[in-house]
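Student: Just model08.cif, nothing more (mmCIF, C-alpha atoms):
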data_final
loop_
_atom_site.label_atom_id
_atom_site.label_comp_id
_atom_site.auth_asym_id
_atom_site.auth_seq_id
_atom_site.Cartn_x
_atom_site.Cartn_y
_atom_site.Cartn_z
CA MET U 1 6.29 -20.27 -5.16
CA PRO U 2 5.00 -17.78 -2.55
CA GLN U 3 6.48 -14.28 -2.53
CA PHE U 4 7.64 -12.36 0.54
CA MET U 5 8.53 -8.77 1.35
CA ASP U 6 10.90 -8.53 4.27
CA VAL U 7 11.41 -5.20 5.99
CA HIS U 8 14.41 -3.90 7.91
CA LYS U 9 13.93 -0.67 9.89
CA SER U 10 17.32 0.02 11.47
CA MET U 11 19.59 0.63 8.49
CA LYS U 12 19.95 4.41 8.69
CA GLY U 13 22.89 5.63 6.65
CA VAL U 14 23.30 2.38 4.73
CA THR U 15 25.62 2.92 1.76
CA PRO U 16 25.34 1.37 -1.70
CA GLU U 17 28.40 -0.78 -0.86
CA GLN U 18 26.84 -2.00 2.42
CA LEU U 19 23.52 -2.83 0.75
CA ALA U 20 25.32 -4.66 -2.06
CA ALA U 21 27.36 -6.66 0.49
CA ALA U 22 24.26 -7.54 2.54
CA HIS U 23 22.39 -8.55 -0.59
CA GLN U 24 25.33 -10.66 -1.74
CA ALA U 25 25.41 -12.43 1.64
CA ASP U 26 21.76 -13.37 1.05
CA LEU U 27 22.45 -14.55 -2.48
CA ASP U 28 25.36 -16.69 -1.27
CA LEU U 29 23.01 -18.61 1.05
CA GLN U 30 19.78 -18.67 -0.89
CA GLY U 31 20.45 -21.92 -2.72
CA GLU U 32 20.77 -23.75 0.60
CA GLU U 33 17.48 -22.32 1.88
CA GLY U 34 15.36 -22.60 -1.27
CA VAL U 35 14.94 -18.83 -1.39
CA ASN U 36 15.21 -16.62 -4.47
CA PHE U 37 15.87 -12.95 -3.71
CA LYS U 38 14.60 -10.72 -6.48
CA GLN U 39 15.31 -7.13 -5.46
CA ALA U 40 16.15 -4.84 -2.54
CA TRP U 41 15.19 -1.18 -2.08
CA ALA U 42 16.76 1.04 0.58
CA ASP U 43 15.98 4.45 2.08
CA PRO U 44 19.12 5.43 4.04
CA LYS U 45 17.32 8.44 5.57
CA THR U 46 14.60 6.44 7.34
CA GLY U 47 16.74 3.31 7.60
CA HIS U 48 14.17 1.15 5.86
CA VAL U 49 15.14 -1.66 3.49
CA PHE U 50 12.56 -3.73 1.60
CA CYS U 51 13.49 -7.06 -0.02
CA LEU U 52 11.29 -9.09 -2.34
CA SER U 53 11.86 -12.83 -2.54
CA GLU U 54 10.31 -16.13 -3.51
CA ALA U 55 10.52 -18.85 -0.87
CA PRO U 56 8.71 -21.92 0.47
CA ASP U 57 7.57 -19.98 3.56
CA ALA U 58 8.34 -16.94 5.73
CA GLU U 59 10.43 -19.06 8.11
CA ALA U 60 12.85 -19.93 5.28
CA VAL U 61 13.32 -16.22 4.52
CA GLN U 62 13.90 -15.30 8.16
CA HIS U 63 16.21 -18.27 8.75
CA LEU U 64 18.36 -17.24 5.80
CA LEU U 65 18.44 -13.61 6.95
CA GLU U 66 19.50 -14.66 10.45
CA ARG U 67 22.30 -16.78 9.00
CA ALA U 68 23.39 -13.79 6.88
CA GLY U 69 23.56 -11.66 10.05
CA HIS U 70 20.62 -9.34 9.41
CA LYS U 71 17.33 -10.68 10.73
CA ALA U 72 14.31 -8.82 9.33
CA ASP U 73 11.97 -6.80 11.53
CA GLU U 74 9.00 -8.05 9.50
CA VAL U 75 8.38 -10.69 6.82
CA HIS U 76 5.12 -10.28 4.90
CA GLU U 77 3.67 -12.93 2.63
CA ILE U 78 2.59 -11.32 -0.63
CA MET U 79 -0.72 -12.92 -1.54
CA ILE U 80 -1.82 -10.22 -4.01
CA THR U 81 -0.07 -8.00 -6.52
CA ALA U 82 -1.37 -5.24 -8.76
CA MET M 1 13.26 10.27 -11.54
CA PRO M 2 13.42 9.34 -7.82
CA GLN M 3 11.74 6.13 -6.69
CA PHE M 4 9.49 5.75 -3.65
CA MET M 5 8.08 2.86 -1.64
CA ASP M 6 4.86 3.78 0.10
CA VAL M 7 3.57 1.57 2.89
CA HIS M 8 -0.01 1.05 4.06
CA LYS M 9 -0.47 -0.86 7.33
CA SER M 10 -4.24 -1.04 7.84
CA MET M 11 -5.45 -3.13 4.91
CA LYS M 12 -6.15 -6.41 6.68
CA GLY M 13 -8.35 -8.68 4.58
CA VAL M 14 -7.82 -6.70 1.38
CA THR M 15 -9.08 -8.73 -1.59
CA PRO M 16 -7.57 -8.91 -5.08
CA GLU M 17 -10.52 -6.88 -6.36
CA GLN M 18 -10.05 -4.17 -3.71
CA LEU M 19 -6.32 -3.92 -4.37
CA ALA M 20 -6.93 -3.72 -8.11
CA ALA M 21 -9.51 -0.97 -7.59
CA ALA M 22 -7.20 1.00 -5.28
CA HIS M 23 -4.32 0.63 -7.71
CA GLN M 24 -6.54 1.73 -10.60
CA ALA M 25 -7.59 4.83 -8.63
CA ASP M 26 -3.89 5.70 -8.35
CA LEU M 27 -3.28 5.08 -12.04
CA ASP M 28 -6.24 7.29 -12.96
CA LEU M 29 -4.64 10.24 -11.14
CA GLN M 30 -0.96 9.68 -11.72
CA GLY M 31 -0.71 11.67 -14.94
CA GLU M 32 -1.95 14.79 -13.14
CA GLU M 33 0.61 14.37 -10.34
CA GLY M 34 3.65 13.37 -12.37
CA VAL M 35 3.79 9.99 -10.61
CA ASN M 36 4.36 6.60 -12.24
CA PHE M 37 3.18 3.64 -10.16
CA LYS M 38 5.10 0.51 -11.00
CA GLN M 39 3.81 -2.27 -8.76
CA ALA M 40 1.86 -3.03 -5.58
CA TRP M 41 2.34 -5.98 -3.21
CA ALA M 42 -0.21 -6.87 -0.51
CA ASP M 43 -0.25 -9.13 2.54
CA PRO M 44 -3.92 -9.37 3.58
CA LYS M 45 -2.99 -11.20 6.81
CA THR M 46 -0.85 -8.39 8.26
CA GLY M 47 -2.68 -5.67 6.34
CA HIS M 48 0.48 -4.33 4.76
CA VAL M 49 0.58 -3.01 1.20
CA PHE M 50 3.80 -1.84 -0.46
CA CYS M 51 3.73 0.30 -3.62
CA LEU M 52 6.73 1.22 -5.75
CA SER M 53 6.57 4.40 -7.81
CA GLU M 54 8.62 7.01 -9.59
CA ALA M 55 7.76 10.61 -8.72
CA PRO M 56 9.28 14.09 -8.43
CA ASP M 57 9.18 13.87 -4.61
CA ALA M 58 7.49 12.11 -1.68
CA GLU M 59 4.91 14.88 -1.38
CA ALA M 60 3.64 14.18 -4.91
CA VAL M 61 3.15 10.50 -4.00
CA GLN M 62 1.31 11.30 -0.77
CA HIS M 63 -0.80 14.02 -2.39
CA LEU M 64 -1.94 11.58 -5.06
CA LEU M 65 -2.70 8.88 -2.48
CA GLU M 66 -4.75 11.33 -0.43
CA ARG M 67 -6.74 12.30 -3.52
CA ALA M 68 -7.30 8.60 -4.25
CA GLY M 69 -8.67 8.13 -0.73
CA HIS M 70 -5.90 6.04 0.78
CA LYS M 71 -3.11 8.10 2.34
CA ALA M 72 0.03 6.06 3.03
CA ASP M 73 1.34 5.47 6.54
CA GLU M 74 4.90 5.91 5.27
CA VAL M 75 6.59 7.07 2.06
CA HIS M 76 10.25 6.10 1.74
CA GLU M 77 12.57 7.54 -0.89
CA ILE M 78 14.53 4.70 -2.48
CA MET M 79 18.07 5.97 -2.87
CA ILE M 80 19.72 2.55 -3.31
CA THR M 81 18.70 -0.71 -4.95
CA ALA M 82 20.44 -4.07 -5.10
#
Take the structure in this file and express it as structure tokens.

Tutor:
Amino acid sequence: MPQFMDVHKSMKGVTPEQLAAAHQADLDLQGEEGVNFKQAWADPKTGHVFCLSEAPDAEAVQHLLERAGHKADEVHEIMITA
Amino acid sequence: MPQFMDVHKSMKGVTPEQLAAAHQADLDLQGEEGVNFKQAWADPKTGHVFCLSEAPDAEAVQHLLERAGHKADEVHEIMITA
């Protein structure tokens, strides 16, 4: 299954509770979209959030994120890891 | 130990061998800088590479990356995970 890193850039000041709620909203939908979210990392100072997932394609990730109310600014397909 | 996500945006076409070599260059220096690189994810199509590390501060990450010959475009301090 391909892996994806989606990036959100406008989450300045996000709290642990807000990130947990956003992540849970993704998890609640992922079965319907064939997506498997693995982890999320947030920097509240710069407002960046990075989420790693497995999914059939980038469109499935973005479609799920739109349904959850937080469309990503970027979705990158991870072809290589090290 | 704080965690950091550094982002490189100009690595279009990066190959598995190039990413492995760049990652190894980081690993070779990390003991001297007090940094612990955990994983790297690359999207050769968009040229984005994301690297997760533990380090004393963002400056230590960037200083190491400069020494390794590939300064990051951004270094985000990960204050929250989910």

Student: Within 12 Å of Glu17 in chain U, counting all atoms listed in the file, which residues show up once you throw out same-chain ones fewer than 3 positions away? Write them as a PyMOL selection string, please.

Tutor: (chain U and resi 13-14+20-24+42) or (chain M and resi 80-82)

Student: Each residue of chain M with at least one atom at most 12 Å from chain U should appear once, together with its nearest atom pair and the corresponding distance in Å (one decimal); atoms considered: only C-alpha atoms; ordering: chain, then increasing residue number; output as JSON lines.

Tutor:
{"residue": "M:Pro2", "atom": "CA", "partner": "U:Asp43", "partner_atom": "CA", "distance": 11.3}
{"residue": "M:Gln3", "atom": "CA", "partner": "U:Trp41", "partner_atom": "CA", "distance": 9.3}
{"residue": "M:Phe4", "atom": "CA", "partner": "U:Asp43", "partner_atom": "CA", "distance": 8.8}
{"residue": "M:Met5", "atom": "CA", "partner": "U:Trp41", "partner_atom": "CA", "distance": 8.2}
{"residue": "M:Asp6", "atom": "CA", "partner": "U:Phe50", "partner_atom": "CA", "distance": 10.9}
{"residue": "M:Val7", "atom": "CA", "partner": "U:Phe50", "partner_atom": "CA", "distance": 10.5}
{"residue": "M:Lys9", "atom": "CA", "partner": "U:His76", "partner_atom": "CA", "distance": 11.2}
{"residue": "M:Met11", "atom": "CA", "partner": "U:Ile80", "partner_atom": "CA", "distance": 12.0}
{"residue": "M:Lys12", "atom": "CA", "partner": "U:Met79", "partner_atom": "CA", "distance": 11.8}
{"residue": "M:Gly13", "atom": "CA", "partner": "U:Met79", "partner_atom": "CA", "distance": 10.7}
{"residue": "M:Val14", "atom": "CA", "partner": "U:Ile80", "partner_atom": "CA", "distance": 8.8}
{"residue": "M:Thr15", "atom": "CA", "partner": "U:Ile80", "partner_atom": "CA", "distance": 7.8}
{"residue": "M:Pro16", "atom": "CA", "partner": "U:Ile80", "partner_atom": "CA", "distance": 6.0}
{"residue": "M:Glu17", "atom": "CA", "partner": "U:Ala82", "partner_atom": "CA", "distance": 9.6}
{"residue": "M:Gln18", "atom": "CA", "partner": "U:Ala82", "partner_atom": "CA", "distance": 10.1}
{"residue": "M:Leu19", "atom": "CA", "partner": "U:Ala82", "partner_atom": "CA", "distance": 6.7}
{"residue": "M:Ala20", "atom": "CA", "partner": "U:Ala82", "partner_atom": "CA", "distance": 5.8}
{"residue": "M:Ala21", "atom": "CA", "partner": "U:Ala82", "partner_atom": "CA", "distance": 9.3}
{"residue": "M:Ala22", "atom": "CA", "partner": "U:Ala82", "partner_atom": "CA", "distance": 9.2}
{"residue": "M:His23", "atom": "CA", "partner": "U:Ala82", "partner_atom": "CA", "distance": 6.7}
{"residue": "M:Gln24", "atom": "CA", "partner": "U:Ala82", "partner_atom": "CA", "distance": 8.9}
{"residue": "M:Ala25", "atom": "CA", "partner": "U:Ala82", "partner_atom": "CA", "distance": 11.8}
{"residue": "M:Asp26", "atom": "CA", "partner": "U:Ala82", "partner_atom": "CA", "distance": 11.2}
{"residue": "M:Leu27", "atom": "CA", "partner": "U:Ala82", "partner_atom": "CA", "distance": 11.0}
{"residue": "M:Phe37", "atom": "CA", "partner": "U:Ala82", "partner_atom": "CA", "distance": 10.1}
{"residue": "M:Lys38", "atom": "CA", "partner": "U:Ala82", "partner_atom": "CA", "distance": 8.9}
{"residue": "M:Gln39", "atom": "CA", "partner": "U:Ala82", "partner_atom": "CA", "distance": 6.0}
{"residue": "M:Ala40", "atom": "CA", "partner": "U:Ala82", "partner_atom": "CA", "distance": 5.0}
{"residue": "M:Trp41", "atom": "CA", "partner": "U:Thr81", "partner_atom": "CA", "distance": 4.6}
{"residue": "M:Ala42", "atom": "CA", "partner": "U:Ile80", "partner_atom": "CA", "distance": 5.1}
{"residue": "M:Asp43", "atom": "CA", "partner": "U:Ile78", "partner_atom": "CA", "distance": 4.8}
{"residue": "M:Pro44", "atom": "CA", "partner": "U:Met79", "partner_atom": "CA", "distance": 7.0}
{"residue": "M:Lys45", "atom": "CA", "partner": "U:Glu77", "partner_atom": "CA", "distance": 8.1}
{"residue": "M:Thr46", "atom": "CA", "partner": "U:His76", "partner_atom": "CA", "distance": 7.1}
{"residue": "M:Gly47", "atom": "CA", "partner": "U:His76", "partner_atom": "CA", "distance": 9.2}
{"residue": "M:His48", "atom": "CA", "partner": "U:His76", "partner_atom": "CA", "distance": 7.5}
{"residue": "M:Val49", "atom": "CA", "partner": "U:Ile78", "partner_atom": "CA", "distance": 8.7}
{"residue": "M:Phe50", "atom": "CA", "partner": "U:Met5", "partner_atom": "CA", "distance": 8.6}
{"residue": "M:Cys51", "atom": "CA", "partner": "U:Ala82", "partner_atom": "CA", "distance": 9.1}
{"residue": "M:Leu52", "atom": "CA", "partner": "U:Trp41", "partner_atom": "CA", "distance": 9.5}
{"residue": "M:Ser53", "atom": "CA", "partner": "U:Trp41", "partner_atom": "CA", "distance": 11.8}
{"residue": "M:Glu74", "atom": "CA", "partner": "U:Thr46", "partner_atom": "CA", "distance": 9.9}
{"residue": "M:Val75", "atom": "CA", "partner": "U:Thr46", "partner_atom": "CA", "distance": 9.6}
{"residue": "M:His76", "atom": "CA", "partner": "U:Asp43", "partner_atom": "CA", "distance": 6.0}
{"residue": "M:Glu77", "atom": "CA", "partner": "U:Asp43", "partner_atom": "CA", "distance": 5.5}
{"residue": "M:Ile78", "atom": "CA", "partner": "U:Asp43", "partner_atom": "CA", "distance": 4.8}
{"residue": "M:Met79", "atom": "CA", "partner": "U:Asp43", "partner_atom": "CA", "distance": 5.6}
{"residue": "M:Ile80", "atom": "CA", "partner": "U:Ala42", "partner_atom": "CA", "distance": 5.1}
{"residue": "M:Thr81", "atom": "CA", "partner": "U:Trp41", "partner_atom": "CA", "distance": 4.6}
{"residue": "M:Ala82", "atom": "CA", "partner": "U:Ala40", "partner_atom": "CA", "distance": 5.1}

Student: To one decimal place, how far is CA of Gln62 in chain U from CA of His8 in chain M in Å?

Tutor: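 Between CA of Gln62 in chain U and CA of His8 in chain M the gap is 21.9 Å.
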
Student: Expand the PyMOL selection byres ((chain M and resi 55) around 7) into the individual residues it matches in the shown file, reporting them as a list in words.

Tutor: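 Expected selection for the PyMOL selection byres ((chain M and resi 55) around 7) here is Met1, Pro2, Gln3, Gly34, Val35, Asn36, Ser53, Glu54, Pro56, Asp57, Ala60 and Val61 of chain M.
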
Student: Taking every listed atom of range 2-17 of chain U and adding 8 Å to each side, what centre and edge lengths in Å (one decimal) does the axis-aligned box have, as JSON?

Tutor:
{"center_x": 16.7, "center_y": -6.1, "center_z": 4.5, "size_x": 39.4, "size_y": 39.4, "size_z": 30.0}

Student: Enter the distance from CA of Gly31 in chain U to CA of Gly69 in chain U, in Å, rounded to one decimal.

Tutor: 16.7 Å

Student: Please indicate the distance in Å from CA of Glu59 in chain U to CA of Ala72 in chain M, rounded to one decimal place.

Tutor: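 Result for CA of Glu59 in chain U versus CA of Ala72 in chain M: 27.7 Å, one decimal.
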